[in-house]
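Presented below is the structure to which this report refers.
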Amino acid sequence: MFDIMRPMFESVIEDCVALPESSLDERLRANELAARRLAAERAALVGVIEQRGVFAGEHRTMAAYLRATVNCSNGTAACDRRLARLLTTYPAVGDALHAGHITVDAALQICRVHANRRIREWLGVVVPVLVELAEHTPHREFADHVSGLIAQLDQDGAFTDMDDSIDGRSATVVEVGGEVAIRAHGGDPVQAAQLQTVFDAFVEGEYRDDLAARRAEHGEDADRFPLSRTGAQRRFDALVAIFAAAAGSPDASGLPEPVVHLVVDDRTTHETLVRAGIALPGGNQIELDDDGSIADEAALLTDLADELADDPEAFLSRRCETQNGSPIHPSVVLRALLTGHVRRVVMDSRGVVIDYGTKQRLFTGLARQAAMVMHRTCEAPGCTMPAAWSQVDHNTEWHEGGRTDQSNRTIGCGHHNRRKHRERWRVRRDRRGRAYTLRPDGTILLPVGERPPDLSDDEITEHIRRRVRDLIAARAA
């Protein structure tokens with residue numbers, strides 16, 4: 001059997017090798033669209049089979065039927081059933097998947113809302129918003145939106161999960177077979193962000209050490225040579241450096257003090273303060289224990305459900321998370337407000353940080369920090385380079401009249417920033433502020449299945465700015 005199958009696959013490889021690069025891209029896109037269509041059809045089949053009880057003749061459960069019929073794992077059977085239930089209940093999701101506008105991964109993210117019995121009733125209100133968001137948003141960002149929606153609607157569950165994580169926190173450092181094994185879990189999102197910030201700072205230090213060593217050895221030709229350590233090796237050495245620094249400074253005074261950004265919209269902040277009795281309106285105050293802790297943290301829960309009835313997009317303007325996108329409970333925000341150093345960051349209706357200044361040539365200081373708060377990675381399609389290791393650049397160049405403000409900023413890693421200038425790419429944003437990269441001929445870099453977005457608002461704004469610049473220049477002349 002294997003001898004028969006092998007030539008068949010080899011012929012497929014040979015067909016692919018014979019294709020030009022453009023055709024390879026087209027073939028992959030067509031393959032992905034076909035996979036999405038088949039996934040939607042499979043979900044329909046699974047849903048009908050389960051509804052009719054076709055499995056009952058020979059199997060006790062639907063999961064057993066799927067395992068026996070398609071020889072799949074328990075995880076695959078569970079995903080099939082969740083997807084079938086979602087698409088059967090909300091055909092709009094099935095339409096988008098079958099047409100190829102959203103991915104299977106995006107549909108499974110929506111399944112997370114449908115699987116939560118406490119908030120399932122609100123899914124019908126936000127399904128159109130989630131489907132549109134899934135089409136026009138990178139997967140990781142969409143998953144963060146879904147996590148935020150679940151945390152906002154099910155704050156009782158979020159509070160319980162956070163409480164369990166704090167109570168169940170644990171860490172071990174042991175030697176196993178001559179190697180070190182480190183494991184830690186639990187805590188709250190702020191602690192996670194703090195630890196990650198410290199770790200990233202040490203990893204960056206190891207990376208810069210490698211760059212300096214390579215430059216010292218090879219001089220101006222350094223970029224032609226690989227670094228002495230891999231990324232994985234630098235991360236391990238960074239962890240060792242953290243332990244060494246802590247051992248040399250038991251009170252942790254020698255460790256860098258991390259700056260952790262908690263991104264919270266003004267309405268959530270106000271409601272949290274009101275319910276804690278710190279802001280006067282509302283009268284729903286919360287008592288503090290003798291030790292200063294919050295007596296009834298569950299009472300800090302805000303109610304997004306009432307807003308969704310009037311505005312299904314209301315959850316998109318609500319943010320209560322770390323800069324890494326992890327949802328946080330309002331009680332954590334309150335502790336940070338009471339005990340931490342807080343920098344107020346004001347955003348507009350699209351979630352864009354309001355301008356820090358327009359007179360400076362480069363994005364530095366507060367302007368750079370504001371841009372970094374808005375994005376976790378390079379904005380180029382598919383790139384996952386952390387924003388902290390990327391560059392903040394002008395979309396419309398400074399010498400072309402571009403302003404050094406958040407509406408004209410773009411975050412790119414070194415590779416994509418250089419490519420942007422070399423290929424003369426431009427970035428435009430849709431009504432929600434998502435960046436789209438445009439080639440010089442005006443075509444947009446889009447993933448398979450995504451239809452061209454509406455960029456008219458951004459184009460009108462840019463046209464007005466250009467017209468104002470021309471008028472100012474004419475008067476000066």
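Following the order of the structure tokens, first chain is A, next is B, and so on, with residues numbered from 1 inside each chain and ligands from 1 in the order they appear.
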
If you count only C-alpha atoms, which residues fall within 9 Å of A:His145, apart from same-chain ones fewer than 4 positions away, as a PyMOL selection string? chain A and resi 130+133+140-141+149-150+315-316+325

For A:Val240: contacts at 12 Å, only C-alpha atoms, fewer than 2 positions along chain excluded, given as a count of residues only: 19

Could you give me, as an mmCIF file with all heavy atoms, in the first residue's frame, the residues within 8 Å of A:Arg36, counting only C-alpha atoms and dropping anything in the same chain fewer than 5 positions from it?
```cif
data_model
loop_
_atom_site.group_PDB
_atom_site.id
_atom_site.type_symbol
_atom_site.label_atom_id
_atom_site.label_comp_id
_atom_site.auth_asym_id
_atom_site.auth_seq_id
_atom_site.Cartn_x
_atom_site.Cartn_y
_atom_site.Cartn_z
ATOM 1 N N LEU A 97 -17.899 30.790 6.912
ATOM 2 C CA LEU A 97 -16.898 29.735 6.799
ATOM 3 C C LEU A 97 -16.982 29.057 5.437
ATOM 4 O O LEU A 97 -15.966 28.820 4.779
ATOM 5 C CB LEU A 97 -17.088 28.709 7.920
ATOM 6 C CG LEU A 97 -16.096 27.539 7.948
ATOM 7 C CD1 LEU A 97 -14.669 28.041 8.097
ATOM 8 C CD2 LEU A 97 -16.443 26.567 9.080
ATOM 9 N N HIS A 98 -18.182 28.738 4.986
ATOM 10 C CA HIS A 98 -18.354 28.061 3.701
ATOM 11 C C HIS A 98 -17.880 28.936 2.547
ATOM 12 O O HIS A 98 -17.308 28.434 1.557
ATOM 13 C CB HIS A 98 -19.821 27.673 3.500
ATOM 14 C CG HIS A 98 -20.041 26.723 2.366
ATOM 15 N ND1 HIS A 98 -20.299 27.150 1.078
ATOM 16 C CD2 HIS A 98 -20.043 25.363 2.328
ATOM 17 C CE1 HIS A 98 -20.443 26.106 0.296
ATOM 18 N NE2 HIS A 98 -20.295 25.004 1.030
ATOM 19 N N ALA A 99 -18.087 30.248 2.660
ATOM 20 C CA ALA A 99 -17.647 31.169 1.614
ATOM 21 C C ALA A 99 -16.148 31.448 1.694
ATOM 22 O O ALA A 99 -15.579 32.047 0.771
ATOM 23 C CB ALA A 99 -18.415 32.483 1.704
ATOM 24 N N GLY A 100 -15.516 31.027 2.786
ATOM 25 C CA GLY A 100 -14.074 31.215 2.927
ATOM 26 C C GLY A 100 -13.665 32.535 3.511
ATOM 27 O O GLY A 100 -12.477 32.875 3.525
ATOM 28 N N THR A 103 -11.754 31.739 9.001
ATOM 29 C CA THR A 103 -11.038 30.474 9.124
ATOM 30 C C THR A 103 -11.755 29.530 10.085
ATOM 31 O O THR A 103 -12.618 29.949 10.874
ATOM 32 C CB THR A 103 -9.614 30.708 9.643
ATOM 33 O OG1 THR A 103 -9.699 31.226 10.976
ATOM 34 C CG2 THR A 103 -8.871 31.698 8.764
ATOM 35 N N VAL A 104 -11.372 28.269 10.029
ATOM 36 C CA VAL A 104 -11.888 27.301 11.003
ATOM 37 C C VAL A 104 -11.459 27.705 12.405
ATOM 38 O O VAL A 104 -12.229 27.601 13.367
ATOM 39 C CB VAL A 104 -11.373 25.886 10.674
ATOM 40 C CG1 VAL A 104 -11.829 24.888 11.744
ATOM 41 C CG2 VAL A 104 -11.855 25.442 9.307
#
```

Pairwise distance for atom CA of A:Gly148 and atom CA of A:Ile328, rounded to one decimal in Å: 8.7 Å

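Take the candidates A:Ala96, A:Met385, A:Val146, A:Val17 and check each one against A:Arg112 using only C-alpha atoms; the shortest distance goes to A:Val146.
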